[in-house]
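Beneath this line is the structure, given in structure tokens, with notes to follow.
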Amino acid sequence: VLDQLERLNDEDPKALMTGRLDLKRIGYVGASFGGSVVVQALLDEPPISAGVAEDGKPYFSDATLTDFRRPLMYMQPAAPYIPSTDTQLARWGLTTAQFRTAEQDHYARQMQLFGRAGGPIYNVYIRRTNHVTFSDLNLIVALPDSRLMSIRRAHRIINDYTIAFFDRYLNDVRVSLVDGHTPSPYEDVTVASRNVASPEPVAQGHQ
């Protein structure tokens with residue numbers, strides 16, 4: 001995709017995108033396994049400046065823990081693993097013990113990445129959400145669950161943090177949601193961050 005965007009920016013056969021793309025400000029968003037790919041893409045693809053991983057299992061190589069430098073926001077739901085019965089797990093070739101081990105490994109690897117990343121990293125924990133919250137499924141098929149917040153509210157929170165993150169790291173715009181010290185305005189959200197530079201004070205007499 002990045003190579004194709006570069007080709008289109010150099011010379012679009014339809015003359016629609018030639019010279020119109022700012023390839024120095026590329027952000028990457030992914031959900032579920034797409035979120036897993038974000039971490040590795042930030043390590044392997046120099047054109048990508050920053051990324052948002054929406055509840056992707058933190059698959060990565062050992063080198064990631066020592067070489068990771070670019071800004072990452074990891075969005076975490078309250079329930080990353082949807083409850084499954086033993087029968088369902090058996091159909092997937094898993095035992096309950098294996099499933100629990102995978103669940104514990106998810107959190108352990110995420111904490112490793114958060115604790116050892118060399119660049120700005122955020123963990124945005126959103127209560128009353130699950131893995132499906134980071135998709136449009138609840139807008140297409142009603143899946144009522146009293147333990148979850150309104151899907152519209154959840155998507156507003158996800159959108160607000162995504163835009164604020166990219167505003168800061170792609171557009172150099174100061175946004176309180178990602179300044180590293182302002183509490184979240186959402187009662188359902190807790191944000192932890194590391195390696196986030198404190199914003200410079202606003203000059204007196206200016207907004």
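In the structure tokens, each chain is lettered A, B, ... as it comes, each chain's residues begin at 1, and ligands are numbered from 1 in order of appearance.
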I want to know what sits within 10 Å of Gly51 of chain A, based on only C-alpha atoms, with residues of the same chain fewer than 3 positions away left out; could you give that as number ranges by chain? A: 26-30, 35, 37-39, 41-42, 48, 54, 70-74, 121, 162, 165-166, 169
From segment 17-131 of chain A, collect each residue whose DSSP state is alpha helix (DSSP H) and return the set as a PyMOL selection string. chain A and resi 33-44+64-67+86-91+96-116
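Omitting Lys24 of chain A and its sequence neighbours fewer than 2 positions away, and counting only C-alpha atoms, the residues within 8 Å are Asp22, Ile26, Pro47 and Ser49 of chain A.
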Output of the above residues as a tab-separated table (two decimals), in the first residue's frame, restricted to all heavy atoms:
```tsv
chain	number	residue	atom	x	y	z
A	22	ASP	N	0.79	13.78	1.33
A	22	ASP	CA	1.88	14.12	2.24
A	22	ASP	C	2.41	12.82	2.85
A	22	ASP	O	1.91	12.35	3.88
A	22	ASP	CB	1.38	15.07	3.33
A	22	ASP	CG	2.50	15.55	4.24
A	22	ASP	OD1	3.62	15.01	4.13
A	22	ASP	OD2	2.27	16.47	5.03
A	26	ILE	N	2.33	9.79	7.78
A	26	ILE	CA	1.51	8.60	7.59
A	26	ILE	C	1.25	7.96	8.94
A	26	ILE	O	2.18	7.68	9.71
A	26	ILE	CB	2.21	7.59	6.66
A	26	ILE	CG1	2.33	8.18	5.25
A	26	ILE	CG2	1.43	6.27	6.62
A	26	ILE	CD1	3.08	7.28	4.28
A	47	PRO	N	8.26	4.70	6.55
A	47	PRO	CA	7.34	5.79	6.22
A	47	PRO	C	6.23	6.01	7.25
A	47	PRO	O	5.62	7.08	7.29
A	47	PRO	CB	6.73	5.35	4.88
A	47	PRO	CG	7.70	4.38	4.31
A	47	PRO	CD	8.27	3.66	5.49
A	49	SER	N	4.77	6.98	10.63
A	49	SER	CA	5.25	7.81	11.74
A	49	SER	C	4.67	7.43	13.09
A	49	SER	O	5.31	7.60	14.12
A	49	SER	CB	4.93	9.29	11.46
A	49	SER	OG	5.57	9.73	10.28
```
Closest of A:Ala97, A:Leu8, A:Leu137, A:Val1 to Arg20 of chain A - atom-to-atom distances counting only C-alpha atoms: A:Leu8
So which residues of segment 6-196 of chain A fall under strand (DSSP E or B) by DSSP, listed as a PyMOL selection string? chain A and resi 26-31+48-54+72-79+121-130+189-194
Just the selected residues (C-alpha atoms), exported as a compact mmCIF listing (two decimals), in the first residue's frame, please.
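selection38.txt, freshly written:
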```txt
# COMPACT_ATOMS: atom_id res chain seq x y z
CA ILE A 26 1.51 8.60 7.59
CA GLY A 27 -0.41 7.01 10.45
CA TYR A 28 -1.60 3.43 10.70
CA VAL A 29 -4.75 2.20 12.49
CA GLY A 30 -5.62 -1.46 12.92
CA ALA A 31 -8.13 -3.45 14.97
CA ILE A 48 4.87 5.13 9.07
CA SER A 49 5.25 7.81 11.74
CA ALA A 50 2.73 6.65 14.37
CA GLY A 51 0.15 3.95 14.94
CA VAL A 52 -3.01 3.07 16.86
CA ALA A 53 -3.56 -0.60 17.77
CA GLU A 54 -7.17 -1.34 18.70
CA LEU A 72 2.03 3.98 19.59
CA MET A 73 -1.41 4.10 21.17
CA TYR A 74 -2.72 0.76 22.36
CA MET A 75 -6.48 0.73 23.01
CA GLN A 76 -7.56 -1.94 25.44
CA PRO A 77 -11.14 -3.07 26.15
CA ALA A 78 -12.30 -4.39 29.49
CA ALA A 79 -12.83 -7.84 27.95
CA ILE A 121 3.43 4.92 24.15
CA TYR A 122 -0.11 5.08 25.52
CA ASN A 123 -2.42 2.46 26.96
CA VAL A 124 -6.03 3.59 26.71
CA TYR A 125 -8.20 1.30 28.83
CA ILE A 126 -11.93 1.63 28.09
CA ARG A 127 -14.28 0.08 30.62
CA ARG A 128 -17.61 -1.51 29.63
CA THR A 129 -16.25 -2.59 26.25
CA ASN A 130 -15.16 -5.85 24.62
CA VAL A 189 -11.39 5.68 30.38
CA THR A 190 -8.03 5.35 32.11
CA VAL A 191 -4.90 6.38 30.22
CA ALA A 192 -1.35 5.36 31.08
CA SER A 193 1.57 6.76 29.12
CA ARG A 194 5.37 6.71 28.97
```
Could you state the separation of atom CA of Thr101 of chain A and atom CA of Tyr81 of chain A in Å, given to one decimal place? 11.9 Å
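In this structure, atom CA of Gln104 of chain A sits 11.7 Å away from atom CA of Pro58 of chain A.
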